[in-house]
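**Q** Sharing work_25.cif, mmCIF, C-alpha atoms and all ligand atoms:
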data_data
loop_
_atom_site.label_atom_id
_atom_site.label_comp_id
_atom_site.auth_asym_id
_atom_site.auth_seq_id
_atom_site.Cartn_x
_atom_site.Cartn_y
_atom_site.Cartn_z
CA MET A 1 17.91 -12.55 -0.42
CA HIS A 2 18.75 -8.83 -0.40
CA VAL A 3 15.53 -6.92 -1.13
CA LEU A 4 15.34 -3.21 -1.88
CA VAL A 5 11.96 -1.83 -0.81
CA THR A 6 10.98 1.51 -2.35
CA GLY A 7 8.39 3.32 -0.22
CA GLY A 8 9.40 0.98 2.61
CA ALA A 9 8.64 3.58 5.30
CA GLY A 10 5.02 3.85 4.16
CA TYR A 11 1.94 2.00 5.36
CA ILE A 12 2.11 -1.24 3.37
CA GLY A 13 5.88 -1.01 2.90
CA SER A 14 6.70 -0.94 6.63
CA HIS A 15 4.59 -4.05 7.32
CA THR A 16 6.25 -5.85 4.41
CA VAL A 17 9.75 -4.84 5.55
CA LEU A 18 9.03 -6.35 8.96
CA GLN A 19 7.89 -9.66 7.42
CA LEU A 20 10.93 -9.74 5.12
CA LEU A 21 13.26 -9.26 8.10
CA ASN A 22 11.44 -11.91 10.12
CA GLU A 23 11.81 -14.34 7.21
CA GLY A 24 15.58 -13.81 7.20
CA HIS A 25 15.94 -11.45 4.23
CA ARG A 26 18.34 -8.53 4.18
CA VAL A 27 16.40 -5.30 3.55
CA SER A 28 17.32 -1.86 2.22
CA VAL A 29 14.68 0.87 2.13
CA LEU A 30 14.58 3.69 -0.41
CA ASP A 31 12.12 6.46 0.50
CA ASN A 32 11.88 10.24 0.24
CA PHE A 33 9.48 10.36 3.24
CA SER A 34 7.05 12.53 1.28
CA ASN A 35 4.16 10.61 2.85
CA SER A 36 5.80 8.74 5.72
CA SER A 37 8.16 8.97 8.64
CA PRO A 38 11.51 7.27 9.29
CA GLU A 39 10.00 6.50 12.69
CA SER A 40 8.12 3.57 11.13
CA ILE A 41 11.43 1.98 10.15
CA ARG A 42 12.92 2.57 13.60
CA ARG A 43 9.93 0.74 15.08
CA VAL A 44 10.24 -2.08 12.53
CA MET A 45 13.89 -2.49 13.57
CA GLY A 46 12.80 -2.56 17.22
CA LEU A 47 10.10 -5.16 16.57
CA SER A 48 12.44 -7.44 14.64
CA ASN A 49 15.64 -6.63 16.49
CA LEU A 50 17.26 -6.46 13.06
CA SER A 51 18.72 -3.63 11.01
CA VAL A 52 17.65 -2.01 7.79
CA ASP A 53 19.78 0.24 5.57
CA VAL A 54 17.79 3.38 4.86
CA TYR A 55 18.39 5.54 1.77
CA ARG A 56 16.68 8.94 1.76
CA VAL A 57 16.29 9.14 -2.02
CA ASP A 58 13.65 10.63 -4.32
CA LEU A 59 12.87 8.35 -7.27
CA LEU A 60 12.78 11.48 -9.41
CA ASP A 61 16.51 12.01 -8.80
CA GLU A 62 17.67 9.84 -11.69
CA LYS A 63 21.37 9.98 -10.90
CA LEU A 64 20.97 9.24 -7.19
CA VAL A 65 18.59 6.36 -7.97
CA ASN A 66 21.20 4.86 -10.31
CA ASN A 67 23.98 5.25 -7.78
CA THR A 68 21.86 3.78 -5.00
CA LEU A 69 20.85 0.74 -7.04
CA THR A 70 24.45 0.19 -8.13
CA SER A 71 25.77 0.33 -4.58
CA VAL A 72 22.93 -1.68 -2.97
CA LYS A 73 22.95 -4.36 -5.74
CA PRO A 74 19.68 -5.94 -4.60
CA ASP A 75 18.55 -9.39 -5.69
CA ALA A 76 14.98 -8.09 -5.99
CA VAL A 77 12.98 -4.88 -5.64
CA ILE A 78 9.53 -4.40 -4.13
CA HIS A 79 8.23 -1.10 -5.47
CA PHE A 80 5.68 0.63 -3.20
CA ALA A 81 6.84 4.22 -3.70
CA GLY A 82 4.13 6.33 -5.25
CA LEU A 83 1.50 8.94 -4.57
CA LYS A 84 -1.96 7.51 -3.97
CA ALA A 85 -4.57 10.22 -3.27
CA VAL A 86 -7.25 9.91 -5.95
CA GLY A 87 -8.71 13.41 -5.42
CA GLU A 88 -5.32 15.12 -5.48
CA SER A 89 -4.48 13.25 -8.71
CA VAL A 90 -7.48 14.92 -10.36
CA THR A 91 -6.36 18.42 -9.37
CA GLU A 92 -2.63 17.79 -9.90
CA PRO A 93 -2.41 15.12 -12.61
CA LEU A 94 1.11 15.99 -13.76
CA LYS A 95 2.46 15.54 -10.24
CA TYR A 96 1.05 12.00 -10.30
CA TYR A 97 2.35 11.09 -13.77
CA ARG A 98 5.76 12.54 -12.89
CA ASN A 99 6.08 10.90 -9.49
CA ASN A 100 4.56 7.52 -10.26
CA VAL A 101 5.43 6.94 -13.92
CA THR A 102 8.75 8.81 -14.20
CA GLY A 103 9.75 7.56 -10.74
CA THR A 104 9.15 3.98 -11.90
CA LEU A 105 11.09 4.58 -15.13
CA ASN A 106 14.07 5.83 -13.15
CA LEU A 107 13.86 2.80 -10.89
CA LEU A 108 13.74 0.39 -13.86
CA ASP A 109 16.75 2.10 -15.47
CA GLY A 110 18.65 1.81 -12.19
CA MET A 111 17.72 -1.88 -11.90
CA GLU A 112 19.02 -2.55 -15.43
CA VAL A 113 22.32 -0.87 -14.59
CA ALA A 114 22.58 -2.88 -11.35
CA GLY A 115 21.67 -6.12 -13.17
CA CYS A 116 18.59 -6.69 -11.00
CA ARG A 117 15.54 -7.83 -12.98
CA THR A 118 13.17 -9.12 -10.31
CA LEU A 119 10.38 -6.73 -9.40
CA VAL A 120 7.18 -6.80 -7.37
CA PHE A 121 4.98 -3.80 -8.20
CA SER A 122 2.13 -2.27 -6.15
CA SER A 123 -0.73 -2.10 -8.58
CA SER A 124 -4.32 -1.66 -7.53
CA ALA A 125 -7.86 -2.88 -8.08
CA THR A 126 -8.38 0.64 -9.40
CA VAL A 127 -7.18 -0.72 -12.80
CA TYR A 128 -10.59 -2.44 -13.09
CA GLY A 129 -12.15 1.01 -13.45
CA GLU A 130 -15.93 0.93 -13.24
CA SER A 131 -16.26 -2.73 -14.13
CA ILE A 132 -19.48 -4.17 -12.75
CA ALA A 133 -18.78 -7.84 -13.55
CA LEU A 134 -18.11 -9.29 -10.09
CA PRO A 135 -16.03 -10.81 -8.66
CA LEU A 136 -13.12 -9.12 -10.40
CA VAL A 137 -10.74 -11.56 -12.04
CA GLU A 138 -7.31 -10.76 -13.45
CA GLU A 139 -8.71 -10.95 -17.01
CA THR A 140 -11.37 -8.29 -16.34
CA PRO A 141 -10.74 -5.50 -18.89
CA ARG A 142 -8.74 -2.62 -17.49
CA SER A 143 -9.58 1.07 -17.53
CA ALA A 144 -8.99 4.16 -15.44
CA THR A 145 -11.36 6.69 -13.95
CA ASN A 146 -8.77 9.17 -12.62
CA PRO A 147 -5.10 10.09 -13.15
CA TYR A 148 -3.93 8.02 -10.15
CA GLY A 149 -5.56 4.92 -11.60
CA ARG A 150 -4.14 5.73 -15.02
CA THR A 151 -0.59 5.86 -13.61
CA LYS A 152 -1.09 2.29 -12.31
CA LEU A 153 -2.46 1.21 -15.68
CA HIS A 154 0.41 2.83 -17.59
CA ILE A 155 2.99 1.23 -15.29
CA GLU A 156 1.39 -2.21 -15.66
CA GLU A 157 1.52 -1.79 -19.45
CA MET A 158 5.10 -0.52 -19.33
CA LEU A 159 6.14 -3.56 -17.29
CA GLU A 160 4.37 -5.91 -19.72
CA GLU A 161 6.27 -4.36 -22.61
CA LEU A 162 9.54 -4.52 -20.70
CA GLY A 163 8.99 -8.22 -19.91
CA ALA A 164 8.13 -8.92 -23.54
CA SER A 165 11.28 -7.15 -24.74
CA ASP A 166 13.72 -8.98 -22.45
CA SER A 167 12.99 -12.46 -21.12
CA ARG A 168 15.36 -12.04 -18.17
CA TRP A 169 12.82 -9.95 -16.25
CA SER A 170 10.61 -11.53 -13.53
CA ILE A 171 7.78 -9.17 -12.66
CA ALA A 172 4.70 -9.36 -10.44
CA ASN A 173 1.88 -6.84 -10.71
CA LEU A 174 -0.08 -7.16 -7.49
CA ARG A 175 -3.56 -5.67 -7.59
CA TYR A 176 -4.50 -4.76 -4.04
CA PHE A 177 -8.10 -4.37 -3.01
CA ASN A 178 -8.68 -2.20 0.11
CA PRO A 179 -5.74 -2.48 2.53
CA VAL A 180 -6.62 -1.81 6.19
CA GLY A 181 -5.55 -2.87 9.69
CA ALA A 182 -2.18 -2.66 11.37
CA HIS A 183 0.53 -4.82 12.90
CA GLU A 184 -0.77 -6.64 16.01
CA SER A 185 1.80 -4.83 18.21
CA GLY A 186 0.03 -1.52 17.62
CA GLN A 187 3.44 0.04 16.85
CA ILE A 188 3.10 0.52 13.11
CA GLY A 189 0.03 1.37 11.05
CA GLU A 190 -1.43 3.82 8.59
CA ASP A 191 -0.69 7.46 9.43
CA PRO A 192 -2.63 9.59 6.95
CA GLN A 193 -1.62 13.24 6.64
CA GLY A 194 -4.55 15.65 6.94
CA VAL A 195 -8.11 14.47 6.47
CA PRO A 196 -8.16 10.75 5.58
CA ASN A 197 -9.61 9.99 2.12
CA ASN A 198 -10.36 6.38 2.92
CA LEU A 199 -13.16 4.98 5.02
CA MET A 200 -11.34 2.95 7.70
CA PRO A 201 -8.85 5.59 8.87
CA TYR A 202 -11.67 8.14 8.87
CA VAL A 203 -13.90 5.91 11.02
CA ALA A 204 -10.96 5.25 13.37
CA GLN A 205 -10.45 9.00 13.83
CA VAL A 206 -14.17 9.46 14.61
CA ALA A 207 -14.02 6.64 17.18
CA ILE A 208 -10.98 8.24 18.88
CA GLY A 209 -12.74 11.64 18.90
CA ARG A 210 -10.52 13.46 16.38
CA ARG A 211 -13.49 13.95 14.01
CA ASP A 212 -17.21 14.44 14.65
CA LYS A 213 -18.93 11.99 12.35
CA VAL A 214 -18.54 9.81 9.29
CA SER A 215 -20.11 10.99 6.05
CA VAL A 216 -21.45 7.86 4.37
CA TYR A 217 -21.24 8.45 0.64
CA GLY A 218 -24.54 7.13 -0.66
CA GLY A 219 -27.26 5.03 0.95
CA ASP A 220 -29.10 4.07 -2.24
CA TYR A 221 -26.72 1.67 -3.99
CA GLN A 222 -27.98 -1.70 -5.18
CA THR A 223 -26.32 -3.43 -2.23
CA PRO A 224 -27.87 -5.26 0.78
CA ASP A 225 -27.93 -2.13 2.99
CA GLY A 226 -27.64 0.52 0.27
CA THR A 227 -24.04 1.53 1.10
CA GLY A 228 -20.85 0.81 -0.86
CA VAL A 229 -19.27 -2.63 -0.57
CA ARG A 230 -15.49 -3.20 -0.66
CA ASP A 231 -13.07 -6.07 -0.26
CA TYR A 232 -11.05 -4.96 2.80
CA ILE A 233 -7.81 -6.87 3.25
CA HIS A 234 -5.61 -6.91 6.36
CA VAL A 235 -2.25 -5.26 5.66
CA GLU A 236 -0.47 -8.27 7.23
CA ASP A 237 -2.15 -10.61 4.73
CA LEU A 238 -1.24 -8.20 1.95
CA ALA A 239 2.40 -8.08 3.07
CA ALA A 240 2.49 -11.89 3.09
CA GLY A 241 1.29 -11.81 -0.53
CA HIS A 242 4.46 -9.90 -1.47
CA LEU A 243 6.70 -12.53 0.08
CA ALA A 244 4.77 -15.26 -1.75
CA ALA A 245 5.13 -13.38 -5.06
CA LEU A 246 8.84 -12.87 -4.44
CA ASP A 247 9.26 -16.62 -3.88
CA TYR A 248 7.40 -17.37 -7.08
CA LEU A 249 9.59 -14.99 -9.09
CA GLN A 250 12.74 -16.83 -7.97
CA THR A 251 11.99 -19.70 -10.34
CA THR A 252 9.97 -17.98 -13.08
CA THR A 253 10.50 -15.18 -15.54
CA GLY A 254 7.88 -13.13 -17.38
CA VAL A 255 5.19 -10.76 -16.17
CA HIS A 256 2.55 -12.08 -13.78
CA VAL A 257 -0.52 -10.52 -12.24
CA TRP A 258 -2.40 -11.45 -9.09
CA ASN A 259 -5.40 -10.00 -7.27
CA LEU A 260 -4.76 -9.66 -3.54
CA GLY A 261 -8.12 -9.52 -1.80
CA THR A 262 -10.22 -11.71 0.49
CA GLY A 263 -12.96 -12.39 -2.03
CA ALA A 264 -15.62 -11.03 0.34
CA GLY A 265 -17.12 -7.57 0.59
CA SER A 266 -18.21 -5.47 3.59
CA SER A 267 -20.50 -2.46 3.45
CA VAL A 268 -19.78 0.98 4.91
CA LEU A 269 -22.38 0.40 7.63
CA GLU A 270 -20.84 -2.98 8.50
CA VAL A 271 -17.46 -1.28 8.93
CA ILE A 272 -18.97 1.40 11.19
CA GLU A 273 -20.80 -1.27 13.24
CA ALA A 274 -17.57 -3.30 13.64
CA PHE A 275 -15.70 -0.21 14.87
CA LYS A 276 -18.43 0.60 17.40
CA ARG A 277 -18.35 -2.96 18.69
CA VAL A 278 -14.56 -3.23 18.93
CA SER A 279 -13.85 0.24 20.33
CA GLY A 280 -16.87 0.55 22.59
CA GLN A 281 -17.03 4.16 21.35
CA PRO A 282 -19.90 5.88 19.56
CA VAL A 283 -19.35 6.32 15.81
CA PRO A 284 -21.90 8.90 14.63
CA PHE A 285 -22.58 8.94 10.89
CA GLU A 286 -24.73 10.69 8.35
CA ILE A 287 -25.73 9.42 4.92
CA VAL A 288 -24.83 12.03 2.30
CA ALA A 289 -24.64 12.15 -1.50
CA ARG A 290 -22.63 9.57 -3.44
CA ARG A 291 -18.96 10.39 -4.07
CA THR A 292 -18.20 10.91 -7.75
CA GLY A 293 -16.37 7.98 -9.30
CA ASP A 294 -17.35 5.40 -6.65
CA VAL A 295 -18.73 2.04 -7.72
CA ALA A 296 -21.42 0.25 -5.70
CA GLU A 297 -19.41 -2.91 -5.14
CA SER A 298 -15.90 -4.18 -5.65
CA TYR A 299 -14.48 -7.50 -4.55
CA ALA A 300 -11.84 -9.87 -5.79
CA ASN A 301 -11.67 -13.36 -7.06
CA ALA A 302 -8.34 -14.26 -5.44
CA GLU A 303 -8.21 -17.88 -6.67
CA LYS A 304 -5.26 -17.27 -9.00
CA ALA A 305 -3.07 -16.17 -6.07
CA ARG A 306 -4.24 -19.18 -4.03
CA LEU A 307 -3.48 -21.66 -6.79
CA GLU A 308 -0.20 -20.17 -8.05
CA LEU A 309 1.27 -18.55 -4.94
CA GLY A 310 -0.29 -20.75 -2.26
CA TRP A 311 -1.42 -17.48 -0.66
CA LYS A 312 -4.76 -16.53 0.79
CA ALA A 313 -5.99 -13.85 3.16
CA GLU A 314 -6.47 -15.29 6.66
CA ARG A 315 -7.85 -12.37 8.66
CA GLY A 316 -11.47 -11.18 8.76
CA LEU A 317 -13.09 -7.77 9.31
CA GLU A 318 -13.17 -8.14 13.10
CA GLN A 319 -9.40 -8.59 13.31
CA MET A 320 -8.76 -5.79 10.81
CA VAL A 321 -10.75 -3.42 13.03
CA GLN A 322 -9.23 -4.72 16.29
CA ASP A 323 -5.69 -4.17 15.01
CA MET A 324 -6.51 -0.82 13.50
CA TRP A 325 -8.12 0.30 16.76
CA ARG A 326 -5.08 -0.78 18.83
CA TRP A 327 -2.80 1.26 16.54
CA GLN A 328 -5.15 4.27 16.69
CA LYS A 329 -5.54 4.11 20.47
CA ASP A 330 -1.80 3.75 21.15
CA ASN A 331 -0.88 6.44 18.56
CA PRO A 332 -3.85 8.84 18.44
CA MET A 333 -1.87 11.38 16.41
CA GLY A 334 0.14 8.84 14.38
CA PHE A 335 3.93 8.73 14.47
CA GLU A 336 4.24 12.43 15.43
CA ALA A 337 7.80 12.53 14.16
CA ASP A 338 7.92 15.43 11.70
CA HIS A 339 11.09 16.70 13.39
CA LEU A 340 12.98 13.69 11.99
CA LEU A 341 12.73 15.17 8.52
CA GLU A 342 14.94 18.05 9.67
CA LEU A 343 17.82 15.69 10.51
CA SER A 344 20.89 15.31 8.31
CA ASP A 345 21.53 11.85 6.84
CA GLU A 346 24.13 11.16 9.54
CA GLU A 347 21.81 12.28 12.35
CA LEU A 348 18.98 10.20 10.90
CA ALA A 349 21.19 7.10 10.67
CA ALA A 350 22.19 7.57 14.33
CA TYR A 351 18.55 8.05 15.39
CA LEU A 352 17.46 4.89 13.59
CA GLN A 353 19.93 2.87 15.62
CA GLN A 354 18.21 3.90 18.88
CA ARG A 355 15.84 1.17 20.02
P1 LIG B 401 2.13 5.28 1.53
O1 LIG B 401 1.95 6.66 1.06
O2 LIG B 401 2.00 5.00 2.99
O3 LIG B 401 3.56 4.73 1.06
C1 LIG B 401 4.19 5.17 -0.12
C2 LIG B 401 5.64 5.49 0.22
O4 LIG B 401 6.31 5.92 -0.96
C3 LIG B 401 5.78 6.62 1.24
O5 LIG B 401 6.69 6.22 2.25
C4 LIG B 401 6.32 7.80 0.43
O6 LIG B 401 7.12 8.65 1.21
C5 LIG B 401 7.11 7.07 -0.65
N1 LIG B 401 7.29 7.82 -1.90
C6 LIG B 401 6.35 8.43 -2.66
N2 LIG B 401 6.90 9.02 -3.73
C7 LIG B 401 8.24 8.77 -3.67
C8 LIG B 401 9.36 9.12 -4.48
N3 LIG B 401 9.22 9.89 -5.56
N4 LIG B 401 10.57 8.70 -4.11
C9 LIG B 401 10.75 7.94 -3.00
N5 LIG B 401 9.74 7.59 -2.18
C10 LIG B 401 8.49 8.00 -2.50
O7 LIG B 401 1.13 4.34 0.69
P2 LIG B 401 0.72 2.81 0.88
O8 LIG B 401 -0.69 2.78 1.28
O9 LIG B 401 1.72 2.10 1.70
O10 LIG B 401 0.79 2.35 -0.63
C11 LIG B 401 1.93 1.75 -1.19
C12 LIG B 401 1.69 1.49 -2.66
O11 LIG B 401 0.53 0.70 -2.82
C13 LIG B 401 1.44 2.76 -3.48
O12 LIG B 401 2.10 2.63 -4.72
C14 LIG B 401 -0.06 2.78 -3.66
O13 LIG B 401 -0.44 3.43 -4.84
C15 LIG B 401 -0.38 1.30 -3.74
N6 LIG B 401 -1.76 0.98 -3.34
C16 LIG B 401 -2.23 1.43 -2.13
C17 LIG B 401 -3.55 1.17 -1.77
C18 LIG B 401 -4.09 1.69 -0.48
O14 LIG B 401 -5.30 1.83 -0.36
N7 LIG B 401 -3.28 1.94 0.54
C19 LIG B 401 -4.39 0.45 -2.64
C20 LIG B 401 -3.86 -0.01 -3.84
C21 LIG B 401 -2.54 0.26 -4.18
N1 LIG B 402 -16.66 6.03 2.09
C1 LIG B 402 -17.58 6.71 2.85
N2 LIG B 402 -17.13 7.76 3.60
C2 LIG B 402 -15.83 8.14 3.63
C3 LIG B 402 -14.89 7.43 2.85
C4 LIG B 402 -15.35 6.39 2.08
O1 LIG B 402 -18.76 6.40 2.84
O2 LIG B 402 -15.49 9.11 4.34
C5 LIG B 402 -17.12 4.86 1.32
C6 LIG B 402 -16.87 4.95 -0.18
O3 LIG B 402 -17.93 5.59 -0.81
C7 LIG B 402 -16.71 3.46 -0.55
C8 LIG B 402 -16.09 2.84 0.71
O4 LIG B 402 -16.37 3.74 1.77
O5 LIG B 402 -17.98 2.89 -0.72
C9 LIG B 402 -14.57 2.67 0.60
O6 LIG B 402 -13.98 3.90 0.23
P1 LIG B 402 -12.40 4.13 0.32
O7 LIG B 402 -12.14 5.54 -0.04
O8 LIG B 402 -11.89 3.65 1.64
O9 LIG B 402 -11.83 3.13 -0.77
P2 LIG B 402 -12.07 3.05 -2.35
O10 LIG B 402 -12.58 1.67 -2.65
O11 LIG B 402 -12.86 4.17 -2.84
O12 LIG B 402 -10.61 3.24 -2.95
C10 LIG B 402 -9.46 2.57 -2.41
C11 LIG B 402 -8.22 3.43 -2.69
C12 LIG B 402 -7.97 3.50 -4.17
C13 LIG B 402 -7.85 2.11 -4.71
C14 LIG B 402 -9.06 1.29 -4.38
C15 LIG B 402 -8.90 -0.13 -4.84
O13 LIG B 402 -8.42 4.74 -2.19
O14 LIG B 402 -6.76 4.15 -4.40
O15 LIG B 402 -9.29 1.30 -2.98
O16 LIG B 402 -7.72 -0.66 -4.33
F1 LIG B 402 -7.70 2.18 -6.04
#
Go ahead and render the structure in this file as structure tokens.

**A**
Amino acid sequence: MHVLVTGGAGYIGSHTVLQLLNEGHRVSVLDNFSNSSPESIRRVMGLSNLSVDVYRVDLLDEKLVNNTLTSVKPDAVIHFAGLKAVGESVTEPLKYYRNNVTGTLNLLDGMEVAGCRTLVFSSSATVYGESIALPLVEETPRSATNPYGRTKLHIEEMLEELGASDSRWSIANLRYFNPVGAHESGQIGEDPQGVPNNLMPYVAQVAIGRRDKVSVYGGDYQTPDGTGVRDYIHVEDLAAGHLAALDYLQTTTGVHVWNLGTGAGSSVLEVIEAFKRVSGQPVPFEIVARRTGDVAESYANAEKARLELGWKAERGLEQMVQDMWRWQKDNPMGFEADHLLELSDEELAAYLQQR
């Protein structure tokens, strides 16, 4: 199958592109590199010894998106491209609505024109808002607590309406819990710009010595050790969930939704402990005030994905931390490839061919 992956140079996208290639799919990547580096794709090509067509395209460029879709003519699209920083979405809400919602609209228009109506969309457990009924099932009522979450909610609703209006569409809304970890080679992984917002990359940067200590947001939650509990899922398991959803969509139309999580939660202190153990490095921390908008606990019921997709997460916390640590140790400053963004399209294409 020829799969177009939007946001394919990003964290989850690059791991998924690698699995698609290894499973024999042809892959084209559409990315504007606003939060990623083409270097991730060069490494994916090296790891797989296979090629990817890369399109440096902004989803907000309606005309270019249309032209790209028409010339690529994919059989299916996996849509990762989007902005994801919760805090930034509160201070710059319009940027988030424009990029995520308008970007998705442009993509859907382009898909219609190209006659491609199979889509896997990156949704998020954030659509469960502040729900306290655990574990979270797909039927849990949806809400949003910030503009980022609301873009995901709006897009899910838009896709439901699109599927209801035209029965030729096959759509999967995948609700990710907390993606962490990296490819076992240590060559690709999450490369946050600036100060990481999320726990795991922050802890990794403390362990490597880039930051002094972890601020633990709240020690008085109603959880076993008082700190927040989340359902961390290895990015390789998450990527596999996309391939399973894509398979499912080959024989089914309509709009489907699946939670992608492990079903088990880990606390902030358990994550810090695991990092100390795996890295052998000290991970100093301090318990500070709760972060606004955080819930005490969040974890999935992932039975629907197991029953319908035959998918389940295989990797536990220890492996998530081991793989994340290998990536961090081998690439202490991430991809360090900002200079690639200065290259012309021709120069970039030539660079990507270098293995
Ligand atoms: P990421 O930032 O690493 O990847 C997103 C990619 O999309 C980047 O390569 C970025 O350059 C690209 N992009 C953004 N806006 C674009 C635009 N207008 N045009 C073209 N490309 C654009 O993020 P990720 O962690 O890999 O997340 C992928 C998707 O999964 C996102 O939609 C995110 O909201 C969703 N998600 C992520 C998490 C998480 O914790 N990582 C959790 C739930 C859902
Ligand atoms: N935490 C700390 N210190 C930090 C960062 C986080 O104590 O420096 C705590 C949080 O309070 C929370 C836990 O670690 O208890 C996890 O926090 P993250 O920021 O890593 O993850 P969240 O669950 O808050 O949110 C993430 C994404 C959202 C997404 C959600 C569900 O950032 O976009 O998972 O998928 F919606």

**Q** Need to verify the contact set: Trp169 of chain A, 8 Å, all atoms listed in the file, exclusion of same-chain residues closer than 4 positions in sequence. Can you return it as a PyMOL selection string?

**A** chain A and resi 117-119+162-163+253-255

**Q** May I ask which of the residues A:Met1, A:Met200, A:Ala245, A:Val77 is the closest one to Ala305 of chain A, counting all atoms listed in the file?

**A**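 Among the listed residues, the smallest separation from Ala305 of chain A belongs to A:Ala245.
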
**Q** Sorted by chain and rising residue number, list the residues of chain A at most 6 Å from ligand LIG 401 (chain B) (counting all atoms listed in the file), each with its closest atom pair and distance in Å to one decimal, as CSV.

**A**
residue,atom,partner,partner_atom,distance
A:Gly7,CA,B:LIG401,O4,3.4
A:Gly8,CA,B:LIG401,O5,5.9
A:Ala9,CA,B:LIG401,O5,4.5
A:Gly10,CA,B:LIG401,O2,3.4
A:Tyr11,CA,B:LIG401,O9,3.7
A:Ile12,CA,B:LIG401,O9,3.8
A:Gly13,CA,B:LIG401,O9,5.3
A:Asp31,CA,B:LIG401,N5,3.8
A:Asn32,CA,B:LIG401,C9,4.1
A:Phe33,CA,B:LIG401,O6,3.6
A:Ser34,CA,B:LIG401,O6,3.9
A:Asn35,CA,B:LIG401,O6,3.9
A:Ser36,CA,B:LIG401,O5,4.4
A:Val57,CA,B:LIG401,C9,5.8
A:Asp58,CA,B:LIG401,N4,3.6
A:Leu59,CA,B:LIG401,N4,3.9
A:Leu60,CA,B:LIG401,N3,5.5
A:Phe80,CA,B:LIG401,C12,4.1
A:Ala81,CA,B:LIG401,O4,3.3
A:Gly82,CA,B:LIG401,C6,4.0
A:Leu83,CA,B:LIG401,C6,5.2
A:Lys84,CA,B:LIG401,O13,4.4
A:Asn99,CA,B:LIG401,N3,5.1
A:Gly103,CA,B:LIG401,N3,5.7
A:Ser122,CA,B:LIG401,O11,4.7
A:Ser123,CA,B:LIG401,C21,5.3
A:Ser124,CA,B:LIG401,C20,4.1
A:Tyr176,CA,B:LIG401,C20,4.8
A:Asn178,CA,B:LIG401,O14,5.3
A:Pro179,CA,B:LIG401,O14,5.2

**Q** Taking only C-alpha atoms and all ligand atoms and a cut-off of 9 Å, can you tell me which residues surround ligand LIG 402 (chain B), written as a PyMOL selection string?

**A** chain A and resi 84-86+123-129+148-149+175-180+196-203+214-219+227-232+267-269+271+287-288+290-298

**Q** Do you have the atom CA of Ser131 of chain A-atom CA of Ser143 of chain A distance handy?

**A**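 Atom CA of Ser143 of chain A lies 8.4 Å from atom CA of Ser131 of chain A.
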
**Q** So that I can see what lies close to segment 335-339 of chain A, please list as a PyMOL selection string the residues with an atom at most 7 Å from it, counting only C-alpha atoms and leaving out residues fewer than 2 positions away in the same chain.

**A** chain A and resi 37+39+191+331+333+341-342

**Q** Extending 5 Å beyond the listed atoms of segment 341-354 of chain A on each side, what axis-aligned box results? I want centre and edge lengths in Å to one decimal, as JSON.

**A**
{"center_x": 18.4, "center_y": 10.5, "center_z": 12.9, "size_x": 21.4, "size_y": 25.2, "size_z": 22.0}

**Q** Atom CA of Leu69 of chain A to atom CA of Leu108 of chain A: how many Å, to one decimal?

**A**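 For atom CA of Leu69 of chain A relative to atom CA of Leu108 of chain A, the distance reads 9.9 Å.
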